[in-house]
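The next block is structure_23.cif, given as mmCIF, C-alpha atoms (C1' of nucleotides).
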```cif
data_my_file
loop_
_atom_site.label_atom_id
_atom_site.label_comp_id
_atom_site.auth_asym_id
_atom_site.auth_seq_id
_atom_site.Cartn_x
_atom_site.Cartn_y
_atom_site.Cartn_z
CA MET A 1 0.00 0.00 0.00
CA THR A 2 1.89 3.02 -1.18
CA THR A 3 -1.20 5.07 -0.44
CA SER A 4 -0.63 4.55 3.28
CA ALA A 5 -0.77 7.63 5.49
CA GLN A 6 2.73 6.90 6.78
CA PRO A 7 5.46 8.49 4.68
CA SER A 8 8.28 6.01 4.14
CA LYS A 9 11.81 6.76 5.21
CA SER A 10 12.69 7.31 1.58
CA ASP A 11 9.90 9.87 1.30
CA ARG A 12 11.16 11.81 4.26
CA THR A 13 14.73 11.78 2.99
CA ARG A 14 13.44 13.04 -0.33
CA GLN A 15 11.71 15.93 1.40
CA ARG A 16 14.89 16.75 3.30
CA ILE A 17 16.83 16.88 0.05
CA LEU A 18 14.19 19.06 -1.56
CA ARG A 19 14.31 21.54 1.30
CA ALA A 20 18.09 21.68 1.17
CA ALA A 21 17.97 22.15 -2.58
CA ALA A 22 15.36 24.90 -2.37
CA LYS A 23 17.47 26.75 0.17
CA ALA A 24 20.59 26.55 -1.97
CA PHE A 25 18.77 27.38 -5.20
CA ARG A 26 17.12 30.39 -3.60
CA GLN A 27 20.37 31.79 -2.27
CA GLN A 28 22.65 31.10 -5.21
CA GLY A 29 20.55 30.11 -8.14
CA TYR A 30 20.61 26.89 -10.12
CA THR A 31 24.07 26.86 -11.63
CA SER A 32 25.97 28.15 -8.61
CA SER A 33 24.51 25.53 -6.32
CA SER A 34 26.53 22.33 -6.34
CA LEU A 35 25.14 18.91 -5.57
CA ARG A 36 27.93 18.42 -3.02
CA GLU A 37 26.68 21.46 -1.13
CA ILE A 38 23.04 20.39 -1.31
CA ALA A 39 23.90 16.87 -0.21
CA ASP A 40 25.97 18.19 2.67
CA SER A 41 23.11 20.41 3.80
CA ALA A 42 20.84 17.35 3.68
CA GLY A 43 23.32 15.27 5.69
CA MET A 44 24.61 12.94 2.99
CA GLN A 45 27.15 12.55 0.22
CA ALA A 46 26.69 13.88 -3.30
CA GLY A 47 26.53 10.45 -4.90
CA SER A 48 23.68 9.43 -2.61
CA LEU A 49 21.39 12.02 -4.13
CA TYR A 50 21.18 9.94 -7.26
CA TYR A 51 19.25 7.27 -5.44
CA HIS A 52 16.44 9.82 -5.03
CA PHE A 53 16.80 11.99 -8.13
CA GLY A 54 18.02 11.16 -11.58
CA SER A 55 19.90 14.41 -12.14
CA LYS A 56 20.41 17.94 -10.89
CA GLU A 57 17.96 19.05 -13.54
CA GLU A 58 15.28 16.72 -12.21
CA LEU A 59 15.88 17.90 -8.65
CA ALA A 60 15.49 21.51 -9.74
CA GLU A 61 12.30 20.74 -11.60
CA CYS A 62 10.84 19.11 -8.49
CA VAL A 63 11.63 22.21 -6.43
CA MET A 64 10.04 24.42 -9.06
CA ASP A 65 6.96 22.22 -9.25
CA MET A 66 6.53 22.47 -5.50
CA GLY A 67 7.08 26.23 -5.48
CA LEU A 68 4.53 26.81 -8.20
CA ALA A 69 2.00 24.38 -6.76
CA GLY A 70 2.40 25.93 -3.31
CA ALA A 71 1.74 29.43 -4.56
CA ARG A 72 -1.26 28.28 -6.50
CA ALA A 73 -2.68 26.29 -3.60
CA ALA A 74 -2.25 29.23 -1.24
CA ALA A 75 -3.98 31.58 -3.65
CA GLU A 76 -6.86 29.14 -4.27
CA GLN A 77 -7.33 28.41 -0.61
CA ALA A 78 -7.49 32.10 0.29
CA LEU A 79 -9.92 32.63 -2.55
CA SER A 80 -12.32 29.96 -1.43
CA ALA A 81 -12.05 31.24 2.14
CA ALA A 82 -13.23 34.61 0.85
CA GLY A 83 -16.32 32.91 -0.51
CA GLU A 84 -18.16 33.02 -3.80
CA ASP A 85 -20.32 35.90 -2.66
CA ALA A 86 -17.50 38.38 -2.16
CA ASP A 87 -17.21 40.95 -4.92
CA PRO A 88 -14.62 40.18 -7.59
CA LEU A 89 -12.02 42.78 -6.53
CA THR A 90 -12.20 41.52 -2.97
CA ARG A 91 -11.69 38.01 -4.26
CA ILE A 92 -8.59 39.12 -6.18
CA GLY A 93 -7.27 40.72 -3.02
CA ALA A 94 -7.83 37.51 -1.09
CA ALA A 95 -5.95 35.48 -3.68
CA PHE A 96 -3.10 38.01 -3.59
CA SER A 97 -2.96 37.77 0.16
CA GLY A 98 -2.70 34.00 0.15
CA HIS A 99 -0.18 34.07 -2.67
CA LEU A 100 1.97 36.62 -0.89
CA GLY A 101 1.77 34.68 2.35
CA TYR A 102 3.25 31.68 0.60
CA LEU A 103 5.98 33.80 -1.02
CA VAL A 104 7.06 35.02 2.39
CA GLU A 105 6.52 31.94 4.53
CA GLU A 106 7.86 29.32 2.15
CA ALA A 107 10.39 31.66 0.66
CA ASP A 108 12.95 28.97 -0.14
CA PHE A 109 10.65 27.13 -2.52
CA ALA A 110 8.79 30.16 -3.81
CA VAL A 111 11.81 32.36 -4.46
CA ALA A 112 13.99 29.54 -5.76
CA THR A 113 11.26 28.83 -8.29
CA LEU A 114 11.12 32.43 -9.45
CA ARG A 115 14.88 32.83 -9.65
CA MET A 116 15.80 29.56 -11.29
CA LEU A 117 13.62 29.88 -14.37
CA HIS A 118 16.22 31.55 -16.58
CA GLN A 119 19.10 29.32 -15.52
CA THR A 120 17.62 25.89 -15.97
CA PRO A 121 18.07 23.87 -19.17
CA ASP A 122 15.62 24.53 -21.98
CA GLY A 123 13.41 21.54 -21.31
CA VAL A 124 12.86 22.43 -17.68
CA ARG A 125 12.20 26.06 -18.51
CA THR A 126 9.66 25.48 -21.26
CA ARG A 127 7.81 22.89 -19.21
CA HIS A 128 7.69 25.24 -16.24
CA MET A 129 6.40 28.12 -18.31
CA ARG A 130 3.63 25.86 -19.53
CA LYS A 131 2.74 24.99 -15.95
CA GLN A 132 2.79 28.68 -15.01
CA ARG A 133 -0.03 29.33 -17.45
CA VAL A 134 -2.43 27.48 -15.19
CA LEU A 135 -1.82 30.09 -12.51
CA GLY A 136 -2.04 32.78 -15.16
CA ARG A 137 -5.46 31.56 -16.22
CA PHE A 138 -6.58 31.36 -12.61
CA TYR A 139 -5.86 35.06 -12.15
CA GLY A 140 -7.05 35.86 -15.64
CA GLU A 141 -10.52 34.56 -14.79
CA LEU A 142 -10.63 36.57 -11.57
CA PHE A 143 -9.79 39.77 -13.44
CA GLU A 144 -12.26 38.98 -16.18
CA ALA A 145 -14.99 38.52 -13.58
CA ALA A 146 -14.11 41.91 -12.07
CA ARG A 147 -14.28 43.55 -15.46
CA VAL A 148 -17.61 41.94 -16.29
CA ALA A 149 -18.95 43.13 -12.94
CA GLY A 150 -17.96 46.66 -13.88
CA GLN A 151 -15.32 46.94 -11.20
CA ILE A 152 -12.51 47.67 -13.66
CA ARG A 153 -12.68 50.67 -15.96
CA PRO A 154 -12.58 49.65 -19.63
CA GLN A 155 -9.45 51.60 -20.48
CA PHE A 156 -7.33 49.07 -18.64
CA ASP A 157 -5.60 46.31 -20.56
CA LEU A 158 -6.67 43.39 -18.44
CA SER A 159 -3.67 41.25 -19.21
CA ALA A 160 -1.16 44.03 -18.58
CA LEU A 161 -2.91 44.97 -15.37
CA ARG A 162 -2.75 41.41 -14.13
CA MET A 163 0.93 41.05 -14.94
CA LEU A 164 1.83 44.40 -13.36
CA LEU A 165 0.15 43.38 -10.13
CA LEU A 166 1.62 39.89 -10.14
CA GLY A 167 4.97 41.53 -10.76
CA ALA A 168 4.54 43.68 -7.67
CA LEU A 169 3.78 40.46 -5.80
CA ASN A 170 6.63 38.42 -7.23
CA TRP A 171 9.15 41.15 -6.59
CA THR A 172 8.39 41.44 -2.87
CA PRO A 173 10.97 38.82 -1.84
CA GLU A 174 13.61 41.20 -3.18
CA TRP A 175 12.92 43.74 -0.47
CA TYR A 176 10.47 42.33 2.06
CA SER A 177 11.88 41.75 5.50
CA ASP A 178 10.11 40.83 8.68
CA ALA A 179 10.70 44.29 10.12
CA GLY A 180 7.78 45.89 8.31
CA LEU A 181 4.23 44.91 7.42
CA SER A 182 2.76 41.43 7.60
CA PRO A 183 1.98 39.68 4.32
CA GLU A 184 -1.70 40.39 4.90
CA GLN A 185 -1.08 44.07 5.53
CA LEU A 186 1.11 44.30 2.47
CA ALA A 187 -1.48 42.57 0.32
CA ALA A 188 -4.07 45.00 1.69
CA GLN A 189 -1.92 47.94 0.60
CA LEU A 190 -1.65 46.48 -2.87
CA THR A 191 -5.36 45.72 -3.11
CA ASP A 192 -6.33 49.14 -1.82
CA MET A 193 -4.08 50.81 -4.37
CA MET A 194 -5.45 48.61 -7.13
CA GLY A 195 -9.06 49.35 -6.29
CA ARG A 196 -9.22 52.97 -5.22
CA GLY A 197 -5.81 54.37 -6.06
CA VAL A 198 -3.61 56.34 -3.73
CA ARG A 199 -5.36 59.69 -4.16
CA PRO A 200 -7.76 60.96 -1.49
CA GLN A 201 -11.59 60.74 -1.97
CA MET B 1 44.45 63.53 -24.25
CA THR B 2 42.27 60.75 -22.98
CA THR B 3 39.41 63.23 -22.75
CA SER B 4 39.28 63.47 -26.53
CA ALA B 5 35.88 63.05 -28.17
CA GLN B 6 37.22 60.12 -30.20
CA PRO B 7 36.83 56.81 -28.43
CA SER B 8 40.00 54.76 -28.81
CA LYS B 9 39.95 51.34 -30.40
CA SER B 10 40.36 49.87 -26.95
CA ASP B 11 37.28 51.75 -25.79
CA ARG B 12 35.21 50.40 -28.61
CA THR B 13 36.39 46.85 -28.03
CA ARG B 14 35.52 47.27 -24.40
CA GLN B 15 32.00 48.30 -25.30
CA ARG B 16 31.67 45.34 -27.63
CA ILE B 17 32.67 43.00 -24.81
CA LEU B 18 30.24 44.66 -22.43
CA ARG B 19 27.39 44.25 -24.87
CA ALA B 20 28.23 40.60 -25.43
CA ALA B 21 28.48 40.04 -21.69
CA ALA B 22 25.18 41.78 -20.99
CA LYS B 23 23.47 39.60 -23.58
CA ALA B 24 24.87 36.40 -22.12
CA PHE B 25 24.25 37.43 -18.52
CA ARG B 26 20.67 38.34 -19.32
CA GLN B 27 19.92 35.06 -21.01
CA GLN B 28 21.73 32.67 -18.67
CA GLY B 29 22.70 34.56 -15.56
CA TYR B 30 26.16 35.15 -14.16
CA THR B 31 27.35 31.65 -13.33
CA SER B 32 26.02 29.91 -16.41
CA SER B 33 27.69 32.34 -18.77
CA SER B 34 31.23 31.35 -19.62
CA LEU B 35 33.97 33.74 -20.65
CA ARG B 36 34.61 31.59 -23.71
CA GLU B 37 31.06 32.19 -24.84
CA ILE B 38 31.20 35.92 -24.15
CA ALA B 39 34.53 36.24 -25.89
CA ASP B 40 33.23 34.31 -28.87
CA SER B 41 30.20 36.55 -29.12
CA ALA B 42 32.54 39.56 -29.02
CA GLY B 43 34.75 38.06 -31.74
CA MET B 44 37.80 37.14 -29.73
CA GLN B 45 39.38 34.43 -27.57
CA ALA B 46 38.67 34.03 -23.88
CA GLY B 47 42.19 34.93 -22.79
CA SER B 48 42.00 38.23 -24.65
CA LEU B 49 39.24 39.47 -22.37
CA TYR B 50 41.78 39.83 -19.58
CA TYR B 51 43.47 42.68 -21.40
CA HIS B 52 40.25 44.67 -20.89
CA PHE B 53 38.89 43.30 -17.62
CA GLY B 54 40.67 41.91 -14.60
CA SER B 55 38.20 39.11 -13.95
CA LYS B 56 34.74 37.77 -14.73
CA GLU B 57 33.58 39.40 -11.53
CA GLU B 58 34.82 42.79 -12.65
CA LEU B 59 33.17 42.39 -16.05
CA ALA B 60 29.87 41.57 -14.37
CA GLU B 61 30.14 44.55 -12.07
CA CYS B 62 30.69 46.84 -15.05
CA VAL B 63 27.57 45.49 -16.75
CA MET B 64 25.58 46.00 -13.56
CA ASP B 65 26.90 49.52 -13.11
CA MET B 66 25.81 50.37 -16.63
CA GLY B 67 22.40 48.79 -16.19
CA LEU B 68 21.72 50.65 -12.97
CA ALA B 69 23.09 53.94 -14.25
CA GLY B 70 21.06 53.62 -17.44
CA ALA B 71 17.82 53.04 -15.59
CA ARG B 72 18.51 55.94 -13.29
CA ALA B 73 19.45 58.28 -16.12
CA ALA B 74 16.32 57.37 -18.06
CA ALA B 75 14.12 58.00 -15.05
CA GLU B 76 15.82 61.30 -14.24
CA GLN B 77 15.67 62.50 -17.80
CA ALA B 78 11.96 61.73 -18.10
CA LEU B 79 11.38 63.45 -14.79
CA SER B 80 13.07 66.66 -15.81
CA ALA B 81 11.24 66.56 -19.13
CA ALA B 82 8.00 66.51 -17.15
CA GLY B 83 9.09 69.73 -15.49
CA GLU B 84 9.15 70.95 -11.90
CA ASP B 85 5.65 72.34 -12.17
CA ALA B 86 3.93 69.05 -12.84
CA ASP B 87 2.10 67.64 -9.85
CA PRO B 88 4.01 65.00 -7.88
CA LEU B 89 2.03 61.97 -9.02
CA THR B 90 2.47 63.02 -12.63
CA ARG B 91 6.19 63.33 -12.00
CA ILE B 92 6.30 59.82 -10.57
CA GLY B 93 4.50 58.56 -13.66
CA ALA B 94 7.02 60.30 -15.88
CA ALA B 95 9.93 58.73 -14.05
CA PHE B 96 8.26 55.31 -14.32
CA SER B 97 7.79 55.80 -18.02
CA GLY B 98 11.45 56.64 -18.61
CA HIS B 99 12.56 53.82 -16.35
CA LEU B 100 10.36 51.31 -18.12
CA GLY B 101 11.51 52.53 -21.51
CA TYR B 102 15.07 51.72 -20.55
CA LEU B 103 14.09 48.29 -19.19
CA VAL B 104 12.55 47.43 -22.52
CA GLU B 105 14.90 49.12 -24.95
CA GLU B 106 18.20 48.25 -23.28
CA ALA B 107 16.91 44.97 -21.97
CA ASP B 108 20.27 43.21 -22.09
CA PHE B 109 21.89 45.57 -19.62
CA ALA B 110 18.80 46.27 -17.55
CA VAL B 111 17.62 42.70 -17.17
CA ALA B 112 21.11 41.25 -16.74
CA THR B 113 21.57 43.69 -13.88
CA LEU B 114 18.36 42.62 -12.20
CA ARG B 115 18.99 38.92 -12.66
CA MET B 116 22.65 38.76 -11.72
CA LEU B 117 22.38 40.29 -8.27
CA HIS B 118 21.89 37.04 -6.37
CA GLN B 119 24.51 35.11 -8.29
CA THR B 120 27.49 37.42 -8.08
CA PRO B 121 30.15 37.12 -5.35
CA ASP B 122 29.45 38.86 -2.06
CA GLY B 123 31.58 41.92 -2.75
CA VAL B 124 29.87 42.69 -6.02
CA ARG B 125 26.44 42.14 -4.55
CA THR B 126 26.88 44.33 -1.48
CA ARG B 127 28.43 47.11 -3.51
CA HIS B 128 25.60 46.97 -6.01
CA MET B 129 22.95 47.06 -3.32
CA ARG B 130 24.60 50.16 -1.94
CA LYS B 131 24.51 51.77 -5.37
CA GLN B 132 20.85 50.79 -5.74
CA ARG B 133 19.99 52.91 -2.74
CA VAL B 134 20.67 56.04 -4.75
CA LEU B 135 17.83 55.10 -7.08
CA GLY B 136 15.75 54.14 -4.06
CA ARG B 137 16.22 57.58 -2.55
CA PHE B 138 15.41 59.20 -5.87
CA TYR B 139 12.01 57.53 -5.92
CA GLY B 140 11.64 57.94 -2.17
CA GLU B 141 11.79 61.71 -2.53
CA LEU B 142 9.24 61.70 -5.32
CA PHE B 143 6.80 59.71 -3.21
CA GLU B 144 7.44 61.87 -0.17
CA ALA B 145 6.66 64.95 -2.23
CA ALA B 146 3.40 63.39 -3.37
CA ARG B 147 2.46 62.57 0.19
CA VAL B 148 3.28 66.07 1.41
CA ALA B 149 1.17 67.48 -1.41
CA GLY B 150 -1.75 65.38 -0.17
CA GLN B 151 -1.83 63.18 -3.24
CA ILE B 152 -1.33 59.96 -1.30
CA ARG B 153 -3.77 58.95 1.41
CA PRO B 154 -2.06 58.63 4.79
CA GLN B 155 -2.93 54.97 5.32
CA PHE B 156 -0.36 53.95 2.74
CA ASP B 157 3.06 52.82 3.87
CA LEU B 158 5.15 54.99 1.58
CA SER B 159 8.09 52.64 1.43
CA ALA B 160 5.99 49.56 0.74
CA LEU B 161 4.02 51.43 -1.89
CA ARG B 162 7.19 52.47 -3.67
CA MET B 163 8.62 48.97 -3.65
CA LEU B 164 5.39 47.39 -4.85
CA LEU B 165 5.29 49.76 -7.80
CA LEU B 166 8.98 49.36 -8.60
CA GLY B 167 8.41 45.61 -8.40
CA ALA B 168 5.67 45.86 -10.99
CA LEU B 169 8.15 47.77 -13.14
CA ASN B 170 11.10 45.46 -12.62
CA TRP B 171 9.03 42.38 -13.33
CA THR B 172 7.85 43.57 -16.74
CA PRO B 173 10.78 42.02 -18.62
CA GLU B 174 9.47 38.64 -17.49
CA TRP B 175 6.38 38.95 -19.62
CA TYR B 176 6.58 42.03 -21.82
CA SER B 177 6.82 41.37 -25.50
CA ASP B 178 6.59 43.73 -28.41
CA ALA B 179 3.19 42.40 -29.34
CA GLY B 180 1.33 44.50 -26.79
CA LEU B 181 1.49 48.01 -25.40
CA SER B 182 4.38 50.43 -25.80
CA PRO B 183 6.47 51.18 -22.73
CA GLU B 184 4.74 54.55 -22.46
CA GLN B 185 1.29 53.00 -22.65
CA LEU B 186 2.23 50.40 -20.08
CA ALA B 187 3.62 53.04 -17.73
CA ALA B 188 0.39 54.99 -18.22
CA GLN B 189 -1.64 51.96 -17.14
CA LEU B 190 0.50 51.62 -14.04
CA THR B 191 0.30 55.31 -13.19
CA ASP B 192 -3.43 55.44 -13.75
CA MET B 193 -3.95 52.46 -11.48
CA MET B 194 -1.68 53.98 -8.87
CA GLY B 195 -3.47 57.31 -8.88
CA ARG B 196 -7.15 56.57 -9.36
CA GLY B 197 -7.41 52.82 -9.00
CA VAL B 198 -9.19 50.51 -11.40
CA ARG B 199 -12.73 51.16 -10.16
CA PRO B 200 -15.07 53.43 -12.11
CA GLN B 201 -15.89 57.00 -10.96
"C1'" DG C 1 45.85 43.79 -28.31
"C1'" DT C 2 45.13 39.28 -29.48
"C1'" DC C 3 46.55 34.59 -29.83
"C1'" DT C 4 47.68 29.72 -28.11
"C1'" DA C 5 48.41 26.61 -24.53
"C1'" DT C 6 47.74 25.14 -20.21
"C1'" DA C 7 47.61 25.11 -15.18
"C1'" DG C 8 44.59 24.29 -11.29
"C1'" DG C 9 40.22 23.66 -9.58
"C1'" DT C 10 35.30 22.40 -9.48
"C1'" DT C 11 31.38 20.07 -11.26
"C1'" DG C 12 27.70 16.46 -12.56
"C1'" DA C 13 27.46 11.88 -12.92
"C1'" DT C 14 28.72 6.74 -12.54
"C1'" DA C 15 30.35 2.27 -10.49
"C1'" DG C 16 30.78 -0.82 -7.05
"C1'" DA C 17 31.45 -1.95 -2.01
"C1'" DC C 18 28.71 -2.38 2.04
"C1'" DG D 1 20.10 3.61 0.93
"C1'" DT D 2 24.43 5.48 1.60
"C1'" DC D 3 29.40 5.70 1.01
"C1'" DT D 4 33.87 6.10 -1.43
"C1'" DA D 5 36.39 6.77 -5.41
"C1'" DT D 6 36.82 8.43 -9.71
"C1'" DC D 7 36.03 10.05 -14.62
"C1'" DA D 8 35.38 13.32 -18.13
"C1'" DA D 9 34.12 17.88 -19.01
"C1'" DC D 10 34.22 22.42 -18.10
"C1'" DC D 11 35.62 26.60 -15.97
"C1'" DT D 12 38.58 30.96 -14.64
"C1'" DA D 13 42.82 32.71 -14.92
"C1'" DT D 14 47.78 33.05 -16.31
"C1'" DA D 15 52.04 33.02 -19.27
"C1'" DG D 16 54.42 33.93 -23.13
"C1'" DA D 17 54.67 34.30 -28.32
"C1'" DC D 18 53.57 37.43 -31.90
#
```
Using structure tokens, write down the structure from this file.
Amino acid sequence: MTTSAQPSKSDRTRQRILRAAAKAFRQQGYTSSSLREIADSAGMQAGSLYYHFGSKEELAECVMDMGLAGARAAAEQALSAAGEDADPLTRIGAAFSGHLGYLVEEADFAVATLRMLHQTPDGVRTRHMRKQRVLGRFYGELFEAARVAGQIRPQFDLSALRMLLLGALNWTPEWYSDAGLSPEQLAAQLTDMMGRGVRPQ
Amino acid sequence: MTTSAQPSKSDRTRQRILRAAAKAFRQQGYTSSSLREIADSAGMQAGSLYYHFGSKEELAECVMDMGLAGARAAAEQALSAAGEDADPLTRIGAAFSGHLGYLVEEADFAVATLRMLHQTPDGVRTRHMRKQRVLGRFYGELFEAARVAGQIRPQFDLSALRMLLLGALNWTPEWYSDAGLSPEQLAAQLTDMMGRGVRPQ
DNA sequence: GTCTATAGGTTGATAGAC
DNA sequence: GTCTATCAACCTATAGAC
């Protein structure tokens, strides 16, 4: 029964390797991180990694899959917590808040995923960009719903607007530090600016 | 007379190397780009690079200096073109527009600079982050002026607001392609959202 | 200024013992 | 499952000819 609730020892070792890899990839990127270093951080020798992963490339792709899936899951969970009855802009704000929470709290996976994209081999990169489109469509539908509901003025290019805001989100790890606002507060600032603008009235 | 208007042959070769390096660094990052490849793209052998630059690290730092200086110059130039009499939010929009124009038109230098930061050796990185603060202060003063003029509601965290918007800007190279809006149109979308928000009225 | 040749080091990956 | 040992490839940087 591989569907047992108990994770095997191999499963747990695999997770330990993935965490070590995410940490290294986040700090130094894909190419600068050596398997020796990742193995050491996971408490083993470099050669032993190959029992769990076929190649460095495959290990990186697993980290990126987890980072992307985690961000998406966080956004979807926050969205459903907001409820179907909330108005579309509020729902976008909720998704942003969940998304940003993941970016900050699971920064190793989330940031490694964002930073590795342009260093990984072609196959990994193109596959990952294809997977990213699922998240893109998720947000695309939220923005479309807001536009249909009349909450977004028609002069906005919906796709550009979405990417500008996701850019603001994805860039936060570059400057965010615990000393300031919480992820929720930060997401609230972004959502408030998006909806009403910074001007008074 | 090294201050002559004529650039020497050495100067022009140097520029050719820098362009080749910026292109490679943008596409593959710092670590994945080899000096052989950069030299080849500049029409010379790897060893010959060392006549012009002391090390790979130094070459990267030059590219990053140019990318940062270019972005700053573009923002400052657009700001002064807007004039001192323009209202503060309009001035911010003008700076964004110039900044974004540089990101798109000199993408090799601008994007290489953004992407290399977390791959370069410690010395290069810390020095570059110090240089970045000049641009941070530049925008910080523009936002402060807008706040003082009452154009930004007091509930906004000025620093977070600035970084969110600069994040939206810095992320554009990840998705921008010529098929859509011009840099000016895109900056206008961002500025309009910042000022009035997306909601009608 | 640019070339060739190469030193010296690190890397991803494999093979086989345990 | 993990270790040790090692290979082949690649890298940055240097030295010396031209």
Could the residues of chain C that have an atom at most 9 Å from chain B be listed as JSON lines, each with its closest atom pair and the distance in Å to one decimal, counting all atoms listed in the file and ordered by chain and ascending residue number?
```
{"residue": "C:DG1", "atom": "C1'", "partner": "B:Tyr51", "partner_atom": "CA", "distance": 7.4}
{"residue": "C:DT2", "atom": "C1'", "partner": "B:Ser48", "partner_atom": "CA", "distance": 5.9}
{"residue": "C:DC3", "atom": "C1'", "partner": "B:Gln45", "partner_atom": "CA", "distance": 7.5}
```
For those residues, write C-alpha atoms (C1' of nucleotides) to a file as a CSV table (one decimal), in the frame of the given file.
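Heads up, here's the output in out23.csv:
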```
chain,number,residue,atom,x,y,z
C,1,DG,C1',45.8,43.8,-28.3
C,2,DT,C1',45.1,39.3,-29.5
C,3,DC,C1',46.6,34.6,-29.8
```
Exercise: residues within 12 Å of coordinate (-19.5, 41.1, -11.4), counting only C-alpha atoms (C1' of nucleotides), as an NGL selection string: :A and (84-91 or 141-152)
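In this structure, atom CA of A:Arg115 sits 17.4 Å away from atom CA of B:Ala107.
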Result set, the PyMOL selection byres ((chain C and resi 13) around 10) on current file, as a list in words: Ala46, Gly47, Tyr50, Gly54, Ser55 and Lys56 of chain A; DT11, DG12 and DT14 of chain C; DC7 and DA8 of chain D
Residues of chain D at most 8 Å from chain B: nearest atom pair and distance in Å, all atoms listed in the file, as JSON lines:
```
{"residue": "D:DC11", "atom": "C1'", "partner": "B:Ser34", "partner_atom": "CA", "distance": 7.4}
{"residue": "D:DT12", "atom": "C1'", "partner": "B:Lys56", "partner_atom": "CA", "distance": 7.8}
{"residue": "D:DA13", "atom": "C1'", "partner": "B:Ser55", "partner_atom": "CA", "distance": 8.0}
```
Just-selected residues, C-alpha atoms (C1' of nucleotides) written as a compact mmCIF listing (two decimals), keeping the file's coordinate frame:
```txt
# COMPACT_ATOMS: atom_id res chain seq x y z
C1' DC D 11 35.62 26.60 -15.97
C1' DT D 12 38.58 30.96 -14.64
C1' DA D 13 42.82 32.71 -14.92
```
Pick out the residues sitting within 10 Å of C:DA15, and hand them over as an mmCIF file with C-alpha atoms (C1' of nucleotides), in the coordinates of the input; count all atoms listed in the file, and ignore anything fewer than 2 positions along from it in its own chain.
```
data_model
loop_
_atom_site.group_PDB
_atom_site.id
_atom_site.type_symbol
_atom_site.label_atom_id
_atom_site.label_comp_id
_atom_site.auth_asym_id
_atom_site.auth_seq_id
_atom_site.Cartn_x
_atom_site.Cartn_y
_atom_site.Cartn_z
ATOM 1 C "C1'" DA C 17 31.450 -1.950 -2.010
ATOM 2 C "C1'" DA D 5 36.390 6.770 -5.410
ATOM 3 C "C1'" DT D 6 36.820 8.430 -9.710
#
```
Within 7 Å of chain A: residues of chain B, using only C-alpha atoms, as a PyMOL selection string: chain B and resi 27-29+31-32+118-119+151-153+156+164-165+167-168+171-172+189+193-200
File dump, residues just selected, C-alpha atoms, as a JSON list (two decimals), in the frame of the given file:
```
[["chain", "number", "residue", "atom", "x", "y", "z"],
["B", 27, "GLN", "CA", 19.92, 35.06, -21.01],
["B", 28, "GLN", "CA", 21.73, 32.67, -18.67],
["B", 29, "GLY", "CA", 22.70, 34.56, -15.56],
["B", 31, "THR", "CA", 27.35, 31.65, -13.33],
["B", 32, "SER", "CA", 26.02, 29.91, -16.41],
["B", 118, "HIS", "CA", 21.89, 37.04, -6.37],
["B", 119, "GLN", "CA", 24.51, 35.11, -8.29],
["B", 151, "GLN", "CA", -1.83, 63.18, -3.24],
["B", 152, "ILE", "CA", -1.33, 59.96, -1.30],
["B", 153, "ARG", "CA", -3.77, 58.95, 1.41],
["B", 156, "PHE", "CA", -0.36, 53.95, 2.74],
["B", 164, "LEU", "CA", 5.39, 47.39, -4.85],
["B", 165, "LEU", "CA", 5.29, 49.76, -7.80],
["B", 167, "GLY", "CA", 8.41, 45.61, -8.40],
["B", 168, "ALA", "CA", 5.67, 45.86, -10.99],
["B", 171, "TRP", "CA", 9.03, 42.38, -13.33],
["B", 172, "THR", "CA", 7.85, 43.57, -16.74],
["B", 189, "GLN", "CA", -1.64, 51.96, -17.14],
["B", 193, "MET", "CA", -3.95, 52.46, -11.48],
["B", 194, "MET", "CA", -1.68, 53.98, -8.87],
["B", 195, "GLY", "CA", -3.47, 57.31, -8.88],
["B", 196, "ARG", "CA", -7.15, 56.57, -9.36],
["B", 197, "GLY", "CA", -7.41, 52.82, -9.00],
["B", 198, "VAL", "CA", -9.19, 50.51, -11.40],
["B", 199, "ARG", "CA", -12.73, 51.16, -10.16],
["B", 200, "PRO", "CA", -15.07, 53.43, -12.11]]
```
Expected selection from the PyMOL selection byres ((chain C and resi 7) around 12), given as a PyMOL selection string: (chain C and resi 5-6+8-9) or (chain D and resi 12-15)
Separation of atom CA of B:Leu114 from atom CA of A:Leu103, in Å and rounded to one decimal: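 A separation of 18.9 Å between them.
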One-decimal distance in Å that lies between atom CA of A:Arg14 and atom C1' of D:DT4: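 Taking atom C1' of D:DT4 as the start and atom CA of A:Arg14 as the end point, the length is 21.6 Å.
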Shell around A:Leu18 at 8 Å using all atoms listed in the file, local window under 2 positions removed, as a PyMOL selection string: chain A and resi 14-16+20-22+59+62-63
Selection to disk with C-alpha atoms, as a PDB file, in the frame of the given file:
```pdb
ATOM      1  CA  ARG A  14      13.440  13.040  -0.330  1.00  0.00           C
ATOM      2  CA  GLN A  15      11.710  15.930   1.400  1.00  0.00           C
ATOM      3  CA  ARG A  16      14.890  16.750   3.300  1.00  0.00           C
ATOM      4  CA  ALA A  20      18.090  21.680   1.170  1.00  0.00           C
ATOM      5  CA  ALA A  21      17.970  22.150  -2.580  1.00  0.00           C
ATOM      6  CA  ALA A  22      15.360  24.900  -2.370  1.00  0.00           C
ATOM      7  CA  LEU A  59      15.880  17.900  -8.650  1.00  0.00           C
ATOM      8  CA  CYS A  62      10.840  19.110  -8.490  1.00  0.00           C
ATOM      9  CA  VAL A  63      11.630  22.210  -6.430  1.00  0.00           C
TER      10      VAL A  63
END
```
